[in-house]
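Take a look at the structure below.
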Amino acid sequence: HEEATAICDDMLMLTDEMTTRFADDVTICLSVSDIRKAQANSKIAMVLHIEGAEMISPDCNEIETLYQRGIRSIGPLWSRPNIFGEGVPLSFPGSPDQGSALSEAGQRLVKTCNQYGIMIDLSHLNEAGFWDVATLSDKPLIATHSNAHRLCASPRNLTDKQLAAIAETGGLVGLCFATSYLRDDGEKDPNTSLTLLVQHCDALIEALGEGGVALGSDFDGACIPASIGDCTGIGRLTQ
């Protein structure tokens with residue numbers, strides 16, 4: 001908890017520095033209207049997100065402060081257990097149906113985020129936790145960087161039943177570029193064809209419609225197809 005709190009504080013200071021130094025180019029967005037205003041002014045619209053909520057204690061008292069500092073999206077889990085529940089392991093092949101449901105603290109986290117209007121990110125969460133969020137939350141279900149499990153049997157990917165539940169709430173899935181969540185062999189191989197990304201994109205659009213699919217990337221720490229490489233290569237996927 002202490003280590004995660006320190007890291008979170010450092011990252012928030014970095015975003016403050018970034019928006020101060022590059023105020024003409026980037027802005028932290030706290031609402032939909034802020035995003036639309038940034039787009040109208042040709043600015044990068046930043047929405048601050050936490051992946052793995054280890055800096056939040058069981059009583060969730062930190063959420064008010066995090067909200068005031070600009071956090072608008074929280075993924076309760078990364079791929080390991082914490083006080084809120086269980087993330088899916090970094091293994092292959094496998095089902096997302098591994099591990100137990102959200103803890104009492106996890107249920108409290110979901111409800112508190114709903115009260116503040118902080119998005120809950122389902123990527124990395126196991127299936128039992130997924131269905132808990134679906135039951136507890138009155139907001140659209142969002143998975144910011146996940147793919148179709150029927151095309152790649154990684155526990156990180158979403159089953160057809162999960163995709164249907166997300167679609168029912170008017171939610172969204174961000175297409176993940178990580179090769180281990182694209183390939184049917186689960187390999188971390190930069191020599192991965194963009195055709196696989198397109199196939200996963202098609203599967204997500206089939207389940208969610210175009211308005212329910214985003215680009216989730218996952219540039220931080222994942223093995224990305226070499227033909228994309230970094231954010232400057234996204235145009236190749238568009239082509």
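In the structure tokens, the first chain shown is A, the next is B, and so on; residue numbers restart at 1 for each chain, and ligands run from 1 in the order shown.
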Produce a table with one row for each residue of region 59-78 of chain A that has an atom at most 8 Å from any atom of region 115-132 of chain A, each row naming the nearest atom pair and its distance in Å at one decimal; use only C-alpha atoms; arrange rows by chain and rising residue number; format as CSV.
```
residue,atom,partner,partner_atom,distance
A:Glu64,CA,A:Tyr116,CA,7.9
A:Tyr67,CA,A:Tyr116,CA,7.5
A:Ile71,CA,A:Ile118,CA,7.3
A:Arg72,CA,A:Ile118,CA,4.6
A:Ser73,CA,A:Met119,CA,4.4
A:Ile74,CA,A:Ile120,CA,5.2
A:Gly75,CA,A:Asp121,CA,4.4
A:Pro76,CA,A:Asp121,CA,7.3
A:Leu77,CA,A:Leu125,CA,5.8
A:Trp78,CA,A:His124,CA,5.2
```
Just to be explicit: take each residue in the selection above, keep N, CA and C atoms, and write the result as a short mmCIF file (atom, residue, chain, number, x, y, z; two decimals), in the first residue's frame.
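That gives us out.cif:
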```cif
data_model
loop_
_atom_site.label_atom_id
_atom_site.label_comp_id
_atom_site.auth_asym_id
_atom_site.auth_seq_id
_atom_site.Cartn_x
_atom_site.Cartn_y
_atom_site.Cartn_z
N GLU A 64 -11.85 9.86 -2.60
CA GLU A 64 -12.21 11.28 -2.71
C GLU A 64 -11.00 12.13 -3.10
N TYR A 67 -10.02 11.41 -6.69
CA TYR A 67 -10.98 12.08 -7.59
C TYR A 67 -10.65 13.57 -7.72
N ILE A 71 -8.31 11.67 -11.01
CA ILE A 71 -8.53 10.29 -11.41
C ILE A 71 -10.00 10.09 -11.80
N ARG A 72 -10.22 9.52 -13.00
CA ARG A 72 -11.58 9.27 -13.47
C ARG A 72 -11.77 7.83 -13.93
N SER A 73 -10.78 6.98 -13.74
CA SER A 73 -10.85 5.59 -14.16
C SER A 73 -9.95 4.75 -13.27
N ILE A 74 -10.47 3.62 -12.78
CA ILE A 74 -9.69 2.73 -11.92
C ILE A 74 -9.92 1.28 -12.33
N GLY A 75 -8.83 0.57 -12.55
CA GLY A 75 -8.89 -0.88 -12.69
C GLY A 75 -8.55 -1.48 -11.34
N PRO A 76 -9.50 -2.10 -10.64
CA PRO A 76 -9.24 -2.59 -9.28
C PRO A 76 -8.08 -3.57 -9.20
N LEU A 77 -7.87 -4.36 -10.26
CA LEU A 77 -6.87 -5.42 -10.25
C LEU A 77 -5.91 -5.30 -11.42
N TRP A 78 -4.67 -5.71 -11.18
CA TRP A 78 -3.77 -6.10 -12.25
C TRP A 78 -3.73 -7.62 -12.19
#
```
Mind listing the alpha helix (DSSP H) residues of region 148-222 of chain A, per DSSP on the backbone, as a JSON list (two decimals) with N, CA and C atoms, in the first residue's frame?
```json
[["chain", "number", "residue", "atom", "x", "y", "z"],
["A", 160, "ASP", "N", -17.48, -14.66, -25.19],
["A", 160, "ASP", "CA", -18.64, -14.13, -25.89],
["A", 160, "ASP", "C", -19.72, -13.68, -24.91],
["A", 161, "LYS", "N", -19.88, -14.42, -23.81],
["A", 161, "LYS", "CA", -20.88, -14.06, -22.80],
["A", 161, "LYS", "C", -20.53, -12.73, -22.13],
["A", 162, "GLN", "N", -19.24, -12.53, -21.84],
["A", 162, "GLN", "CA", -18.82, -11.26, -21.25],
["A", 162, "GLN", "C", -19.01, -10.10, -22.24],
["A", 163, "LEU", "N", -18.66, -10.32, -23.50],
["A", 163, "LEU", "CA", -18.84, -9.28, -24.52],
["A", 163, "LEU", "C", -20.32, -8.91, -24.65],
["A", 164, "ALA", "N", -21.20, -9.91, -24.59],
["A", 164, "ALA", "CA", -22.64, -9.65, -24.68],
["A", 164, "ALA", "C", -23.11, -8.80, -23.50],
["A", 165, "ALA", "N", -22.57, -9.08, -22.31],
["A", 165, "ALA", "CA", -22.95, -8.30, -21.13],
["A", 165, "ALA", "C", -22.48, -6.85, -21.26],
["A", 166, "ILE", "N", -21.27, -6.65, -21.79],
["A", 166, "ILE", "CA", -20.76, -5.30, -22.00],
["A", 166, "ILE", "C", -21.65, -4.56, -23.00],
["A", 167, "ALA", "N", -22.01, -5.24, -24.09],
["A", 167, "ALA", "CA", -22.87, -4.62, -25.11],
["A", 167, "ALA", "C", -24.22, -4.24, -24.54],
["A", 168, "GLU", "N", -24.76, -5.06, -23.66],
["A", 168, "GLU", "CA", -26.08, -4.81, -23.08],
["A", 168, "GLU", "C", -26.11, -3.51, -22.27],
["A", 194, "LEU", "N", -0.65, -7.69, -38.58],
["A", 194, "LEU", "CA", -1.75, -6.81, -38.21],
["A", 194, "LEU", "C", -3.10, -7.42, -38.57],
["A", 195, "THR", "N", -3.07, -8.45, -39.42],
["A", 195, "THR", "CA", -4.32, -9.15, -39.75],
["A", 195, "THR", "C", -4.99, -9.70, -38.49],
["A", 196, "LEU", "N", -4.19, -10.14, -37.51],
["A", 196, "LEU", "CA", -4.77, -10.65, -36.26],
["A", 196, "LEU", "C", -5.47, -9.54, -35.49],
["A", 197, "LEU", "N", -4.88, -8.35, -35.48],
["A", 197, "LEU", "CA", -5.56, -7.21, -34.85],
["A", 197, "LEU", "C", -6.89, -6.92, -35.52],
["A", 198, "VAL", "N", -6.90, -6.96, -36.84],
["A", 198, "VAL", "CA", -8.13, -6.70, -37.58],
["A", 198, "VAL", "C", -9.18, -7.78, -37.28],
["A", 199, "GLN", "N", -8.74, -9.03, -37.17],
["A", 199, "GLN", "CA", -9.67, -10.11, -36.87],
["A", 199, "GLN", "C", -10.31, -9.93, -35.49],
["A", 200, "HIS", "N", -9.49, -9.56, -34.50],
["A", 200, "HIS", "CA", -10.04, -9.30, -33.16],
["A", 200, "HIS", "C", -10.96, -8.08, -33.19],
["A", 201, "CYS", "N", -10.56, -7.06, -33.94],
["A", 201, "CYS", "CA", -11.40, -5.87, -34.07],
["A", 201, "CYS", "C", -12.76, -6.24, -34.67],
["A", 202, "ASP", "N", -12.75, -7.07, -35.71],
["A", 202, "ASP", "CA", -14.00, -7.52, -36.33],
["A", 202, "ASP", "C", -14.88, -8.26, -35.32],
["A", 203, "ALA", "N", -14.24, -9.13, -34.51],
["A", 203, "ALA", "CA", -15.00, -9.90, -33.52],
["A", 203, "ALA", "C", -15.63, -8.99, -32.48],
["A", 204, "LEU", "N", -14.87, -7.97, -32.05],
["A", 204, "LEU", "CA", -15.40, -7.02, -31.06],
["A", 204, "LEU", "C", -16.53, -6.19, -31.66],
["A", 205, "ILE", "N", -16.37, -5.75, -32.90],
["A", 205, "ILE", "CA", -17.43, -4.96, -33.55],
["A", 205, "ILE", "C", -18.68, -5.81, -33.74],
["A", 206, "GLU", "N", -18.49, -7.09, -34.07],
["A", 206, "GLU", "CA", -19.63, -7.99, -34.21],
["A", 206, "GLU", "C", -20.43, -8.07, -32.92],
["A", 207, "ALA", "N", -19.74, -8.07, -31.79],
["A", 207, "ALA", "CA", -20.41, -8.19, -30.49],
["A", 207, "ALA", "C", -20.93, -6.86, -29.97],
["A", 208, "LEU", "N", -20.19, -5.78, -30.23],
["A", 208, "LEU", "CA", -20.45, -4.50, -29.55],
["A", 208, "LEU", "C", -20.90, -3.38, -30.47]]
```
May I have the residues within 9 Å of region 217-232 of chain A as a list in words, using only C-alpha atoms and disregarding those fewer than 6 positions away in the same chain?
-> Thr144, His145, Gly174, Leu175, Cys176, Phe177, Ala178, Thr179, Ser180, Lys188, Asp189, Pro190, Asn191, Thr192, Ser193 and Leu194 of chain A
Name all residues at most 9 Å from Ile35 (chain A) (count only C-alpha atoms; drop same-chain ones fewer than 5 positions away) and give them as a PyMOL selection string.
-> chain A and resi 27-30+40+44-47
Check region 92-144 of chain A with DSSP on the backbone and list each residue it calls strand (DSSP E or B), as an mmCIF file with C-alpha atoms, in the first residue's frame.
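Output saved as states-v2.cif:
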```cif
data_model
loop_
_atom_site.group_PDB
_atom_site.id
_atom_site.type_symbol
_atom_site.label_atom_id
_atom_site.label_comp_id
_atom_site.auth_asym_id
_atom_site.auth_seq_id
_atom_site.Cartn_x
_atom_site.Cartn_y
_atom_site.Cartn_z
ATOM 1 C CA MET A 119 -15.053 4.395 -14.382
ATOM 2 C CA ILE A 120 -14.320 0.788 -13.379
ATOM 3 C CA ASP A 121 -11.954 -0.971 -15.808
ATOM 4 C CA LEU A 125 -10.136 -8.765 -13.608
ATOM 5 C CA ILE A 142 -15.671 -1.067 -19.785
ATOM 6 C CA ALA A 143 -12.589 -3.170 -20.537
#
```
Nearby residues (only C-alpha atoms) at most 10 Å from Asn82 (chain A), same-chain spacing under 4 positions excluded, as a ChimeraX atom specification = /A:52-54,76-78,86-87,102-103,106
Mind dumping the selected residues with N, CA, C and O atoms as a short mmCIF file (atom, residue, chain, number, x, y, z; two decimals), in the first residue's frame?
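Below is the file that was written, part.cif:
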```
data_model
loop_
_atom_site.label_atom_id
_atom_site.label_comp_id
_atom_site.auth_asym_id
_atom_site.auth_seq_id
_atom_site.Cartn_x
_atom_site.Cartn_y
_atom_site.Cartn_z
N GLY A 52 -4.63 -1.35 -11.08
CA GLY A 52 -4.24 -2.01 -9.85
C GLY A 52 -4.36 -1.03 -8.69
O GLY A 52 -3.54 -0.13 -8.54
N ALA A 53 -5.38 -1.21 -7.85
CA ALA A 53 -5.76 -0.17 -6.88
C ALA A 53 -5.10 -0.37 -5.52
O ALA A 53 -5.71 -0.13 -4.47
N GLU A 54 -3.82 -0.78 -5.51
CA GLU A 54 -3.14 -1.07 -4.24
C GLU A 54 -2.93 0.16 -3.37
O GLU A 54 -2.63 0.04 -2.18
N PRO A 76 -9.50 -2.10 -10.64
CA PRO A 76 -9.24 -2.59 -9.28
C PRO A 76 -8.08 -3.57 -9.20
O PRO A 76 -7.36 -3.61 -8.21
N LEU A 77 -7.87 -4.36 -10.26
CA LEU A 77 -6.87 -5.42 -10.25
C LEU A 77 -5.91 -5.30 -11.42
O LEU A 77 -6.28 -4.82 -12.50
N TRP A 78 -4.67 -5.71 -11.18
CA TRP A 78 -3.77 -6.10 -12.25
C TRP A 78 -3.73 -7.62 -12.19
O TRP A 78 -4.59 -8.24 -11.56
N GLU A 86 -9.30 -10.78 -7.33
CA GLU A 86 -8.25 -11.50 -8.03
C GLU A 86 -8.19 -11.11 -9.50
O GLU A 86 -9.22 -11.03 -10.17
N GLY A 87 -6.98 -10.84 -9.98
CA GLY A 87 -6.77 -10.63 -11.40
C GLY A 87 -6.45 -11.96 -12.07
O GLY A 87 -6.03 -12.91 -11.41
N LEU A 102 -15.19 -10.77 -6.01
CA LEU A 102 -14.70 -9.59 -5.31
C LEU A 102 -14.87 -9.75 -3.81
O LEU A 102 -15.85 -10.33 -3.33
N SER A 103 -13.93 -9.23 -3.07
CA SER A 103 -14.04 -9.20 -1.61
C SER A 103 -15.05 -8.13 -1.20
O SER A 103 -15.56 -7.37 -2.03
N GLY A 106 -13.69 -5.01 -2.29
CA GLY A 106 -13.85 -4.83 -3.72
C GLY A 106 -15.25 -4.35 -4.08
O GLY A 106 -15.42 -3.47 -4.95
#
```
Could you tell me which of A:Arg36, A:Lys139, A:Arg183, A:His49 comes closest to Cys8 (chain A) if we count only C-alpha atoms?
-> A:His49
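Among A:Asp34, A:Asp59, A:Asp185, A:Glu210, the residue with the shortest atom-to-atom distance to Arg108 (chain A), counting only C-alpha atoms, is A:Asp59.
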Residue with smallest distance to Pro93 (chain A) - pool A:Gly186, A:Pro140, A:Gly212, A:Gly70, counting only C-alpha atoms |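 Once distances to Pro93 (chain A) are computed over only C-alpha atoms, the minimum belongs to A:Gly186.
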What does the distance from CA of Gly99 (chain A) to CA of His149 (chain A) come to in Å, to one decimal?
->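 Computing the Euclidean distance for CA of Gly99 (chain A) and CA of His149 (chain A) yields 17.5 Å.
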